[in-house]
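Below is the file protein-v9.cif, which contains mmCIF, C-alpha atoms.
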data_query
loop_
_atom_site.group_PDB
_atom_site.id
_atom_site.type_symbol
_atom_site.label_atom_id
_atom_site.label_comp_id
_atom_site.auth_asym_id
_atom_site.auth_seq_id
_atom_site.Cartn_x
_atom_site.Cartn_y
_atom_site.Cartn_z
ATOM 1 C CA MET W 365 7.331 84.875 8.914
ATOM 2 C CA THR W 366 10.330 82.894 10.208
ATOM 3 C CA ARG W 367 13.163 82.626 7.705
ATOM 4 C CA LYS W 368 14.998 79.299 7.755
ATOM 5 C CA ILE W 369 18.043 78.265 5.721
ATOM 6 C CA GLY W 370 19.964 75.000 5.715
ATOM 7 C CA ILE W 371 23.578 74.681 4.603
ATOM 8 C CA ILE W 372 24.937 71.232 3.791
ATOM 9 C CA GLY W 373 28.730 71.141 3.623
ATOM 10 C CA MET W 374 30.713 73.428 5.920
ATOM 11 C CA GLY W 375 33.968 73.686 4.038
ATOM 12 C CA HIS W 376 35.401 76.979 2.791
ATOM 13 C CA VAL W 377 32.266 77.898 0.819
ATOM 14 C CA GLY W 378 29.604 76.662 3.220
ATOM 15 C CA SER W 379 31.187 78.330 6.236
ATOM 16 C CA THR W 380 31.633 81.595 4.316
ATOM 17 C CA ALA W 381 27.964 81.527 3.274
ATOM 18 C CA ALA W 382 26.943 80.781 6.862
ATOM 19 C CA HIS W 383 29.025 83.683 8.184
ATOM 20 C CA TYR W 384 27.463 86.054 5.634
ATOM 21 C CA ILE W 385 23.972 84.915 6.687
ATOM 22 C CA VAL W 386 24.687 85.224 10.427
ATOM 23 C CA ALA W 387 26.559 88.546 10.197
ATOM 24 C CA CYS W 388 23.826 90.149 8.090
ATOM 25 C CA GLY W 389 20.830 88.592 9.849
ATOM 26 C CA PHE W 390 19.440 86.979 6.697
ATOM 27 C CA ALA W 391 17.855 84.051 8.577
ATOM 28 C CA ASP W 392 16.117 83.518 11.903
ATOM 29 C CA ASP W 393 17.044 79.834 11.926
ATOM 30 C CA LEU W 394 20.137 78.283 10.357
ATOM 31 C CA VAL W 395 20.722 74.529 10.066
ATOM 32 C CA LEU W 396 24.354 73.497 9.534
ATOM 33 C CA ILE W 397 25.166 69.971 8.345
ATOM 34 C CA ASP W 398 28.549 68.356 7.758
ATOM 35 C CA LYS W 399 30.082 64.883 8.142
ATOM 36 C CA ASN W 400 32.940 66.422 10.127
ATOM 37 C CA GLU W 401 31.132 66.828 13.446
ATOM 38 C CA LYS W 402 34.019 68.582 15.192
ATOM 39 C CA LYS W 403 34.252 71.180 12.431
ATOM 40 C CA VAL W 404 30.522 71.939 12.164
ATOM 41 C CA ASN W 405 30.102 72.141 15.949
ATOM 42 C CA ALA W 406 33.130 74.426 16.173
ATOM 43 C CA ASP W 407 31.633 76.691 13.482
ATOM 44 C CA ALA W 408 28.307 76.795 15.337
ATOM 45 C CA THR W 409 30.030 77.751 18.589
ATOM 46 C CA ASP W 410 32.120 80.361 16.785
ATOM 47 C CA PHE W 411 28.980 81.953 15.335
ATOM 48 C CA GLU W 412 27.291 81.914 18.741
ATOM 49 C CA ASP W 413 30.379 83.600 20.207
ATOM 50 C CA ALA W 414 29.855 86.367 17.650
ATOM 51 C CA MET W 415 26.174 86.926 18.478
ATOM 52 C CA SER W 416 26.611 89.477 21.271
ATOM 53 C CA ASN W 417 28.636 91.668 18.903
ATOM 54 C CA LEU W 418 26.076 91.491 16.083
ATOM 55 C CA PRO W 419 22.846 93.469 15.616
ATOM 56 C CA TYR W 420 20.984 90.202 14.799
ATOM 57 C CA HIS W 421 20.283 86.871 16.476
ATOM 58 C CA THR W 422 20.264 83.583 14.574
ATOM 59 C CA ASN W 423 19.153 80.255 16.057
ATOM 60 C CA ILE W 424 21.606 77.555 14.985
ATOM 61 C CA THR W 425 20.918 73.808 14.711
ATOM 62 C CA VAL W 426 23.659 71.295 13.890
ATOM 63 C CA ASN W 427 23.513 68.000 11.950
ATOM 64 C CA ASP W 428 19.759 67.471 12.118
ATOM 65 C CA TYR W 429 18.233 66.599 8.738
ATOM 66 C CA ALA W 430 14.760 66.556 10.336
ATOM 67 C CA ALA W 431 15.185 70.287 11.013
ATOM 68 C CA LEU W 432 15.272 70.874 7.242
ATOM 69 C CA ARG W 433 11.617 69.902 6.884
ATOM 70 C CA ASP W 434 10.335 73.486 7.158
ATOM 71 C CA ALA W 435 13.399 75.276 5.748
ATOM 72 C CA ASP W 436 12.763 77.818 3.019
ATOM 73 C CA VAL W 437 16.054 77.144 1.249
ATOM 74 C CA ILE W 438 18.806 74.536 1.416
ATOM 75 C CA ILE W 439 22.211 75.594 0.121
ATOM 76 C CA SER W 440 24.307 72.623 -0.994
ATOM 77 C CA ALA W 441 28.005 73.382 -0.552
ATOM 78 C CA LEU W 442 29.253 69.798 -0.711
ATOM 79 C CA GLY W 443 32.493 69.215 -2.551
ATOM 80 C CA ASN W 444 36.208 68.583 -2.497
ATOM 81 C CA ILE W 445 37.928 71.315 -4.490
ATOM 82 C CA LYS W 446 41.342 69.737 -3.835
ATOM 83 C CA LEU W 447 40.418 67.183 -6.497
ATOM 84 C CA GLN W 448 40.740 69.967 -9.097
ATOM 85 C CA ASP W 449 44.424 70.470 -8.293
ATOM 86 C CA ASN W 450 46.646 69.372 -11.189
ATOM 87 C CA LYS W 451 43.558 68.434 -13.223
ATOM 88 C CA ASN W 452 43.912 71.061 -15.952
ATOM 89 C CA ASP W 453 41.348 73.396 -14.383
ATOM 90 C CA ASP W 454 38.401 71.059 -14.813
ATOM 91 C CA ARG W 455 35.472 71.219 -12.370
ATOM 92 C CA PHE W 456 34.472 67.718 -13.496
ATOM 93 C CA ALA W 457 37.397 66.361 -11.489
ATOM 94 C CA GLU W 458 35.013 66.654 -8.519
ATOM 95 C CA LEU W 459 32.139 64.743 -10.145
ATOM 96 C CA PRO W 460 32.848 61.200 -8.826
ATOM 97 C CA PHE W 461 33.158 62.486 -5.252
ATOM 98 C CA THR W 462 30.315 64.990 -5.354
ATOM 99 C CA SER W 463 27.801 62.862 -7.247
ATOM 100 C CA ALA W 464 28.174 60.023 -4.720
ATOM 101 C CA ALA W 465 27.780 62.452 -1.795
ATOM 102 C CA VAL W 466 24.776 64.202 -3.345
ATOM 103 C CA LYS W 467 22.947 60.954 -4.072
ATOM 104 C CA SER W 468 23.174 60.101 -0.363
ATOM 105 C CA VAL W 469 22.350 63.627 0.839
ATOM 106 C CA GLY W 470 19.505 63.996 -1.663
ATOM 107 C CA LYS W 471 17.781 60.926 -0.192
ATOM 108 C CA LYS W 472 18.126 62.345 3.322
ATOM 109 C CA ILE W 473 16.652 65.658 2.163
ATOM 110 C CA LYS W 474 13.724 63.803 0.605
ATOM 111 C CA ASP W 475 13.190 61.724 3.751
ATOM 112 C CA SER W 476 13.116 64.894 5.874
ATOM 113 C CA GLY W 477 9.941 66.025 4.081
ATOM 114 C CA PHE W 478 11.628 69.187 2.804
ATOM 115 C CA ASN W 479 9.508 71.010 0.225
ATOM 116 C CA GLY W 480 11.340 74.312 -0.187
ATOM 117 C CA ILE W 481 13.956 75.383 -2.725
ATOM 118 C CA ILE W 482 17.393 73.818 -3.187
ATOM 119 C CA VAL W 483 20.243 76.155 -4.182
ATOM 120 C CA ASP W 484 23.175 74.083 -5.379
ATOM 121 C CA ILE W 485 26.762 75.340 -5.374
ATOM 122 C CA SER W 486 28.446 71.929 -5.599
ATOM 123 C CA ASN W 487 30.629 71.331 -8.664
ATOM 124 C CA PRO W 488 30.078 70.509 -11.461
ATOM 125 C CA VAL W 489 27.036 72.543 -10.595
ATOM 126 C CA ASP W 490 24.736 71.893 -13.578
ATOM 127 C CA VAL W 491 25.116 68.104 -13.397
ATOM 128 C CA ILE W 492 24.853 68.068 -9.600
ATOM 129 C CA THR W 493 21.726 70.253 -9.723
ATOM 130 C CA SER W 494 20.235 67.739 -12.168
ATOM 131 C CA ILE W 495 21.073 64.884 -9.798
ATOM 132 C CA TYR W 496 19.500 66.695 -6.831
ATOM 133 C CA GLN W 497 16.255 67.132 -8.772
ATOM 134 C CA GLU W 498 16.269 63.481 -9.836
ATOM 135 C CA ILE W 499 16.956 62.120 -6.332
ATOM 136 C CA THR W 500 14.663 64.435 -4.331
ATOM 137 C CA GLY W 501 11.796 64.410 -6.828
ATOM 138 C CA LEU W 502 11.225 68.106 -6.160
ATOM 139 C CA PRO W 503 9.698 70.148 -9.010
ATOM 140 C CA LYS W 504 12.336 71.313 -11.494
ATOM 141 C CA ASP W 505 11.476 74.940 -10.701
ATOM 142 C CA HIS W 506 12.392 74.295 -7.048
ATOM 143 C CA VAL W 507 15.927 73.006 -7.687
ATOM 144 C CA LEU W 508 18.388 75.672 -8.849
ATOM 145 C CA GLY W 509 22.131 76.099 -9.127
ATOM 146 C CA THR W 510 24.216 79.244 -8.743
ATOM 147 C CA GLY W 511 25.554 78.450 -12.207
ATOM 148 C CA THR W 512 26.958 81.439 -14.073
ATOM 149 C CA LEU W 513 25.625 83.950 -11.548
ATOM 150 C CA LEU W 514 29.245 84.022 -10.377
ATOM 151 C CA ASP W 515 30.758 83.890 -13.871
ATOM 152 C CA SER W 516 28.580 86.807 -14.945
ATOM 153 C CA SER W 517 29.936 88.684 -11.939
ATOM 154 C CA ARG W 518 33.483 87.820 -12.994
ATOM 155 C CA MET W 519 32.729 89.153 -16.465
ATOM 156 C CA LYS W 520 31.369 92.364 -14.969
ATOM 157 C CA ARG W 521 34.503 92.722 -12.857
ATOM 158 C CA ALA W 522 36.731 92.292 -15.921
ATOM 159 C CA VAL W 523 34.749 94.783 -18.028
ATOM 160 C CA ALA W 524 34.490 97.288 -15.176
ATOM 161 C CA LYS W 525 38.240 97.227 -14.542
ATOM 162 C CA GLU W 526 38.906 97.857 -18.221
ATOM 163 C CA LEU W 527 36.583 100.882 -18.178
ATOM 164 C CA SER W 528 37.353 102.051 -14.600
ATOM 165 C CA ILE W 529 33.725 101.831 -13.470
ATOM 166 C CA ASP W 530 31.683 99.992 -10.829
ATOM 167 C CA PRO W 531 30.916 96.363 -11.863
ATOM 168 C CA ARG W 532 27.282 97.015 -10.873
ATOM 169 C CA SER W 533 27.172 99.381 -13.861
ATOM 170 C CA VAL W 534 27.771 96.486 -16.275
ATOM 171 C CA TYR W 535 24.680 94.550 -17.391
ATOM 172 C CA GLY W 536 24.627 91.179 -19.142
ATOM 173 C CA TYR W 537 25.288 87.485 -18.808
ATOM 174 C CA ASN W 538 27.577 84.531 -19.108
ATOM 175 C CA LEU W 539 25.498 81.540 -20.187
ATOM 176 C CA GLY W 540 25.609 77.764 -20.360
ATOM 177 C CA GLU W 541 27.671 75.506 -18.151
ATOM 178 C CA HIS W 542 29.392 76.764 -15.021
ATOM 179 C CA GLY W 543 32.544 75.297 -16.487
ATOM 180 C CA ASN W 544 34.800 75.321 -19.497
ATOM 181 C CA SER W 545 32.018 75.464 -22.121
ATOM 182 C CA GLN W 546 30.438 78.618 -20.684
ATOM 183 C CA PHE W 547 30.612 81.831 -22.693
ATOM 184 C CA THR W 548 29.908 85.533 -22.375
ATOM 185 C CA ALA W 549 26.827 86.384 -24.421
ATOM 186 C CA TRP W 550 28.135 89.743 -25.585
ATOM 187 C CA SER W 551 24.841 90.436 -27.363
ATOM 188 C CA THR W 552 23.286 90.777 -23.870
ATOM 189 C CA VAL W 553 25.953 93.032 -22.362
ATOM 190 C CA ARG W 554 25.367 96.767 -21.993
ATOM 191 C CA VAL W 555 27.660 99.345 -20.453
ATOM 192 C CA LEU W 556 27.777 103.156 -20.421
ATOM 193 C CA GLY W 557 24.259 103.191 -21.845
ATOM 194 C CA LYS W 558 25.177 101.245 -25.002
ATOM 195 C CA PRO W 559 25.718 97.684 -26.205
ATOM 196 C CA ILE W 560 29.256 96.694 -25.287
ATOM 197 C CA THR W 561 29.981 95.854 -28.923
ATOM 198 C CA GLU W 562 29.708 99.585 -29.685
ATOM 199 C CA ILE W 563 31.882 100.549 -26.714
ATOM 200 C CA ALA W 564 34.437 97.908 -27.711
ATOM 201 C CA LYS W 565 34.813 99.489 -31.160
ATOM 202 C CA GLN W 566 35.049 102.994 -29.739
ATOM 203 C CA ARG W 567 37.600 102.146 -27.030
ATOM 204 C CA GLY W 568 39.436 99.190 -28.513
ATOM 205 C CA LEU W 569 38.248 96.586 -25.997
ATOM 206 C CA ASP W 570 39.337 93.008 -26.638
ATOM 207 C CA LEU W 571 36.157 91.032 -25.945
ATOM 208 C CA ASN W 572 37.918 87.676 -26.345
ATOM 209 C CA LYS W 573 40.378 88.672 -23.642
ATOM 210 C CA LEU W 574 37.540 89.762 -21.336
ATOM 211 C CA ASP W 575 35.627 86.523 -21.969
ATOM 212 C CA LYS W 576 38.772 84.556 -21.081
ATOM 213 C CA ALA W 577 39.161 86.575 -17.871
ATOM 214 C CA ALA W 578 35.596 85.675 -16.863
ATOM 215 C CA ARG W 579 35.988 81.968 -17.631
ATOM 216 C CA GLU W 580 39.357 81.643 -15.912
ATOM 217 C CA GLY W 581 38.637 83.917 -12.949
ATOM 218 C CA GLY W 582 37.814 81.081 -10.584
ATOM 219 C CA PHE W 583 40.930 79.124 -11.480
ATOM 220 C CA ASN W 584 43.106 82.187 -10.905
ATOM 221 C CA VAL W 585 41.675 82.437 -7.391
ATOM 222 C CA PHE W 586 42.084 78.689 -6.875
ATOM 223 C CA HIS W 587 45.735 78.716 -7.912
ATOM 224 C CA GLY W 588 46.387 81.559 -5.490
ATOM 225 C CA LYS W 589 44.863 79.995 -2.355
ATOM 226 C CA LYS W 590 43.775 76.460 -3.361
ATOM 227 C CA TYR W 591 40.091 77.174 -2.925
ATOM 228 C CA THR W 592 37.459 79.778 -3.804
ATOM 229 C CA ASN W 593 34.864 81.022 -1.349
ATOM 230 C CA TYR W 594 33.847 84.689 -1.219
ATOM 231 C CA GLY W 595 32.499 85.085 -4.745
ATOM 232 C CA VAL W 596 30.499 81.862 -4.900
ATOM 233 C CA ALA W 597 29.236 82.100 -1.299
ATOM 234 C CA THR W 598 27.991 85.631 -1.976
ATOM 235 C CA ALA W 599 26.246 84.441 -5.152
ATOM 236 C CA ALA W 600 24.558 81.599 -3.245
ATOM 237 C CA VAL W 601 23.336 83.838 -0.421
ATOM 238 C CA HIS W 602 22.138 86.428 -2.960
ATOM 239 C CA LEU W 603 20.101 83.698 -4.657
ATOM 240 C CA ALA W 604 18.762 82.393 -1.333
ATOM 241 C CA ASN W 605 17.711 85.906 -0.271
ATOM 242 C CA THR W 606 16.020 86.466 -3.626
ATOM 243 C CA ILE W 607 13.947 83.349 -2.984
ATOM 244 C CA ILE W 608 13.104 84.047 0.674
ATOM 245 C CA THR W 609 12.079 87.668 0.030
ATOM 246 C CA ASP W 610 10.142 86.766 -3.138
ATOM 247 C CA ALA W 611 12.129 89.504 -4.878
ATOM 248 C CA ARG W 612 11.304 88.216 -8.393
ATOM 249 C CA THR W 613 14.710 89.237 -9.704
ATOM 250 C CA GLU W 614 16.120 88.484 -13.152
ATOM 251 C CA MET W 615 19.181 86.281 -12.661
ATOM 252 C CA ALA W 616 21.355 83.992 -14.772
ATOM 253 C CA VAL W 617 21.235 80.817 -12.681
ATOM 254 C CA SER W 618 21.272 77.121 -13.471
ATOM 255 C CA ASN W 619 17.663 76.202 -14.200
ATOM 256 C CA TYR W 620 15.922 73.557 -16.265
ATOM 257 C CA ARG W 621 15.351 74.590 -19.871
ATOM 258 C CA GLU W 622 12.712 72.412 -21.529
ATOM 259 C CA GLU W 623 13.869 73.150 -25.085
ATOM 260 C CA LEU W 624 17.404 71.997 -24.236
ATOM 261 C CA ASN W 625 16.285 69.196 -21.907
ATOM 262 C CA THR W 626 18.861 70.070 -19.271
ATOM 263 C CA TYR W 627 19.892 72.364 -16.468
ATOM 264 C CA LEU W 628 22.191 75.202 -17.492
ATOM 265 C CA SER W 629 22.515 78.902 -16.815
ATOM 266 C CA TYR W 630 20.058 81.179 -18.554
ATOM 267 C CA PRO W 631 18.216 84.241 -17.216
ATOM 268 C CA ALA W 632 15.002 83.640 -15.299
ATOM 269 C CA ILE W 633 12.815 85.494 -12.826
ATOM 270 C CA VAL W 634 13.487 84.052 -9.366
ATOM 271 C CA GLY W 635 11.210 84.330 -6.322
ATOM 272 C CA ARG W 636 9.733 82.385 -3.427
ATOM 273 C CA ASP W 637 8.436 79.662 -5.752
ATOM 274 C CA GLY W 638 11.868 79.197 -7.343
ATOM 275 C CA ILE W 639 11.810 79.822 -11.077
ATOM 276 C CA ILE W 640 8.835 82.127 -11.657
ATOM 277 C CA GLU W 641 9.381 82.764 -15.351
ATOM 278 C CA ARG W 642 11.953 81.644 -17.909
ATOM 279 C CA LEU W 643 13.203 84.360 -20.240
ATOM 280 C CA ASN W 644 14.098 84.102 -23.906
ATOM 281 C CA LEU W 645 17.048 86.109 -25.168
ATOM 282 C CA GLN W 646 17.672 87.228 -28.733
ATOM 283 C CA LEU W 647 21.024 85.487 -29.057
ATOM 284 C CA THR W 648 23.228 85.491 -32.132
ATOM 285 C CA ASP W 649 23.559 82.276 -34.153
ATOM 286 C CA GLU W 650 27.064 81.791 -32.758
ATOM 287 C CA GLU W 651 25.786 82.174 -29.186
ATOM 288 C CA LYS W 652 22.951 79.716 -29.831
ATOM 289 C CA GLU W 653 25.496 77.203 -31.076
ATOM 290 C CA LYS W 654 27.665 77.680 -27.986
ATOM 291 C CA LEU W 655 24.614 77.235 -25.748
ATOM 292 C CA GLN W 656 23.696 73.977 -27.483
ATOM 293 C CA THR W 657 27.274 72.720 -27.138
ATOM 294 C CA SER W 658 27.137 73.468 -23.411
ATOM 295 C CA ALA W 659 23.773 71.719 -23.083
ATOM 296 C CA ASN W 660 24.997 68.608 -24.894
ATOM 297 C CA PHE W 661 28.044 68.369 -22.645
ATOM 298 C CA ILE W 662 26.005 68.683 -19.436
ATOM 299 C CA LYS W 663 23.448 66.093 -20.605
ATOM 300 C CA THR W 664 26.173 63.605 -21.472
ATOM 301 C CA LYS W 665 27.854 63.952 -18.082
ATOM 302 C CA PHE W 666 24.529 63.683 -16.241
ATOM 303 C CA LYS W 667 23.592 60.474 -18.098
ATOM 304 C CA GLU W 668 27.039 58.999 -17.381
ATOM 305 C CA SER W 669 26.710 59.804 -13.686
ATOM 306 C CA MET W 670 23.212 58.320 -13.352
ATOM 307 C CA ALA W 671 24.211 55.230 -15.347
ATOM 308 C CA LYS W 672 27.081 54.656 -12.926
ATOM 309 C CA GLU W 673 24.575 54.804 -10.075
ATOM 310 C CA SER W 674 22.441 52.143 -11.788
ATOM 311 C CA THR W 675 25.362 49.757 -12.284
ATOM 312 C CA GLN W 676 26.462 50.179 -8.673
ATOM 313 C CA ALA W 677 22.960 49.678 -7.235
#

Give the structure from the file, written as C-alpha cells.
Amino acid sequence: MTRKIGIIGMGHVGSTAAHYIVACGFADDLVLIDKNEKKVNADATDFEDAMSNLPYHTNITVNDYAALRDADVIISALGNIKLQDNKNDDRFAELPFTSAAVKSVGKKIKDSGFNGIIVDISNPVDVITSIYQEITGLPKDHVLGTGTLLDSSRMKRAVAKELSIDPRSVYGYNLGEHGNSQFTAWSTVRVLGKPITEIAKQRGLDLNKLDKAAREGGFNVFHGKKYTNYGVATAAVHLANTIITDARTEMAVSNYREELNTYLSYPAIVGRDGIIERLNLQLTDEEKEKLQTSANFIKTKFKESMAKESTQA
C-alpha cells in the first residue's frame, strides 16, 4: 500500500518533519505546500539532491492541494512563532495569524476531497485543531493535534535527567492544553517500577520543579534559538507513523473529549482510523480540576476565534 503524507507549512517545523520523513523513508509520496514558493521548491530540490545518498526514495509534489485527495495524513505546520517573541511566553500570540491561515487552508483541504487524518502542530494547537475539524467537516476522530505528546516527552526528559536514566524508561503524561494551563498528571507517572510519588519521597525529587521544567521546556528552546523544531517535528512524525501503520498505540494527543466538549490532550489509542479508543484515567481531584480549567480556557478561545470569523464574513 502506498504511503502518502502532506505537509502544509514549510517553516522550521514543517521542513524538519519533511526531512525526517524523507531520510527515514516513512512515505512513498510526500506533498509539500507553502505560500513561499521559492522556499518550498528549494526544499523539494534539496531533498531530491539527497536521494542518491539515502536508502529510500520519496516522490515529492509541491504546492498541489489536489494531490492531497488520497493522502493518508496531512501534517499542519502553519504558524509564525516570531509572534511569541516578547509576548510573555504565550502560544496564543499566534492565534490571530494562525486561525486566519487555517480557515483558508481548511477550506482548500475540504475542496481537495481529502478524507484521511489531519495531524495539527500549529499553535495554539488545541484551538487550531478544533478549527480544522469545524472547517473541514471531517469526523472528530480524524482530526488530531500533537498536543502534549511533546510536553509529556519534556517531562520524561526532566525526570530522566534527575534520575540519570533513559527518558524512554519514564511512563506517564502531561494533560490538558498544549500551553500554559497544561499540567503533569503525576498520578499517571511511573519510573523505576514504582509510582513517581514513591520515588520522589525516597529520593527527594521536587515534582513542582519537574512540572515547571516540562511546561517551560519549549520556551527555553525558543529563547535560545527563536524557534523550536526537532522535538515537535519528531512528535508529529511519530503520530503520523502511528496512524499510517495502524499501530494502535496509547498516546497523549489532542483529541475531542465528549465529556469536556473540547479538544485537549488526553491518552487515546491511535491507529489508521485516527482515535480508535478514548481512555479514562483515575485522576486525583486536583488533576480533574486542572483538566477542567484547561478545557474551559480552550473552549473560550475557540468560541472567540469562530465568532471573529462570523463578524468578518

Worksheet item: If we count only C-alpha atoms, what is near stretch 578-588 of chain W at a cut-off of 10 Å, once residues fewer than 3 positions away on the same chain are taken out, given as a PyMOL selection string?
Response: chain W and resi 445-446+448-450+452-455+512+514-523+538+542-548+572-575+591-593+595-596

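Computed from the coordinates, the atom CA of W:Thr493 to atom CA of W:Ala381 distance equals 18.3 Å.
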
Worksheet item: So what does the PyMOL selection byres ((chain W and resi 366) around 9) actually pick up in this one, as number ranges by chain?
Response: W: 365, 367-368, 391-393

Worksheet item: Where does the PyMOL selection byres ((chain W and resi 555) around 10) land in this file, that is, which residues does it pick, as a count of residues only?
Response: 21

Fill in: Matched chain/residue IDs from the PyMOL selection byres ((chain W and resi 481) around 10), as a ChimeraX atom specification
/W:369,435-439,478-480,482-484,502-508,604,607-608,636-639

Discussion item. Given all atoms listed in the file as the basis, pick out the residue of W:Thr626, W:Thr409, W:Tyr496, W:Ala441 nearest to W:Lys665.
Written reply: W:Thr626

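Reported to one decimal place, the separation of atom CA of W:Ala597 from atom CA of W:Gly378 is 7.1 Å.
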
Worksheet item: Excluding same-chain residues fewer than 4 positions from W:Leu442, what lies within 12 Å of it counting only C-alpha atoms, as number ranges by chain?
Response: W: 371-379, 396-400, 438, 458-459, 461-470, 483-489, 492-493, 496

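Going from atom CA of W:Lys525 over to atom CA of W:Leu539, you cover 21.0 Å.
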
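Using only C-alpha atoms for every distance, the candidate list W:Leu624, W:Thr510, W:Ile495, W:Val617 yields W:Thr510 as the residue closest to W:Thr598.
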
Discussion item. Between W:Ser551, W:Asn405, W:Ser416, W:Thr606, which residue has the minimum interatomic distance to W:Phe390, considering all atoms listed in the file?
Written reply: W:Thr606

Please define a box with edges along x, y and z of the file around all atoms of stretch 494-501 of chain W given in the file, extend it by 6 Å on each side, and return its centre and edge lengths in Å to one decimal, as JSON.
{"center_x": 16.4, "center_y": 64.9, "center_z": -8.2, "size_x": 21.3, "size_y": 17.6, "size_z": 19.8}

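For the choices W:Ala430, W:Ala457, W:Ala549, W:Val404, the atom-to-atom distance to W:Lys652 is smallest for W:Ala549 when using all atoms listed in the file.
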
Missing atoms in stretch 622-642 of chain W need filling: write out N, CA and C atoms for it as a tab-separated table (two decimals), in the coordinates of the input.
chain	number	residue	atom	x	y	z
W	622	GLU	N	13.45	73.48	-20.85
W	622	GLU	CA	12.71	72.41	-21.53
W	622	GLU	C	13.22	72.18	-22.95
W	623	GLU	N	13.48	73.29	-23.68
W	623	GLU	CA	13.87	73.15	-25.08
W	623	GLU	C	15.26	72.53	-25.25
W	624	LEU	N	16.07	72.59	-24.19
W	624	LEU	CA	17.40	72.00	-24.24
W	624	LEU	C	17.48	70.71	-23.43
W	625	ASN	N	16.40	70.42	-22.70
W	625	ASN	CA	16.28	69.20	-21.91
W	625	ASN	C	17.42	69.03	-20.90
W	626	THR	N	17.80	70.14	-20.27
W	626	THR	CA	18.86	70.07	-19.27
W	626	THR	C	18.86	71.32	-18.39
W	627	TYR	N	19.57	71.20	-17.28
W	627	TYR	CA	19.89	72.36	-16.47
W	627	TYR	C	21.11	73.06	-17.07
W	628	LEU	N	21.04	74.37	-17.18
W	628	LEU	CA	22.19	75.20	-17.49
W	628	LEU	C	21.82	76.64	-17.15
W	629	SER	N	22.79	77.52	-17.22
W	629	SER	CA	22.52	78.90	-16.82
W	629	SER	C	21.94	79.72	-17.95
W	630	TYR	N	20.81	80.35	-17.62
W	630	TYR	CA	20.06	81.18	-18.55
W	630	TYR	C	19.20	82.09	-17.68
W	631	PRO	N	18.99	83.33	-18.07
W	631	PRO	CA	18.22	84.24	-17.22
W	631	PRO	C	16.79	83.76	-16.95
W	632	ALA	N	16.36	83.97	-15.71
W	632	ALA	CA	15.00	83.64	-15.30
W	632	ALA	C	14.61	84.60	-14.18
W	633	ILE	N	13.31	84.73	-13.97
W	633	ILE	CA	12.82	85.49	-12.83
W	633	ILE	C	12.73	84.54	-11.64
W	634	VAL	N	13.40	84.91	-10.54
W	634	VAL	CA	13.49	84.05	-9.37
W	634	VAL	C	12.74	84.69	-8.20
W	635	GLY	N	11.95	83.86	-7.49
W	635	GLY	CA	11.21	84.33	-6.32
W	635	GLY	C	10.97	83.20	-5.35
W	636	ARG	N	9.99	83.36	-4.49
W	636	ARG	CA	9.73	82.38	-3.43
W	636	ARG	C	9.39	81.01	-3.98
W	637	ASP	N	8.81	80.94	-5.14
W	637	ASP	CA	8.44	79.66	-5.75
W	637	ASP	C	9.52	79.16	-6.71
W	638	GLY	N	10.75	79.63	-6.49
W	638	GLY	CA	11.87	79.20	-7.34
W	638	GLY	C	11.88	79.95	-8.66
W	639	ILE	N	11.85	79.20	-9.76
W	639	ILE	CA	11.81	79.82	-11.08
W	639	ILE	C	10.37	80.26	-11.37
W	640	ILE	N	10.18	81.56	-11.43
W	640	ILE	CA	8.84	82.13	-11.66
W	640	ILE	C	8.54	82.22	-13.15
W	641	GLU	N	9.55	82.61	-13.89
W	641	GLU	CA	9.38	82.76	-15.35
W	641	GLU	C	10.73	82.59	-16.04
W	642	ARG	N	10.74	81.81	-17.11
W	642	ARG	CA	11.95	81.64	-17.91
W	642	ARG	C	11.96	82.68	-19.04
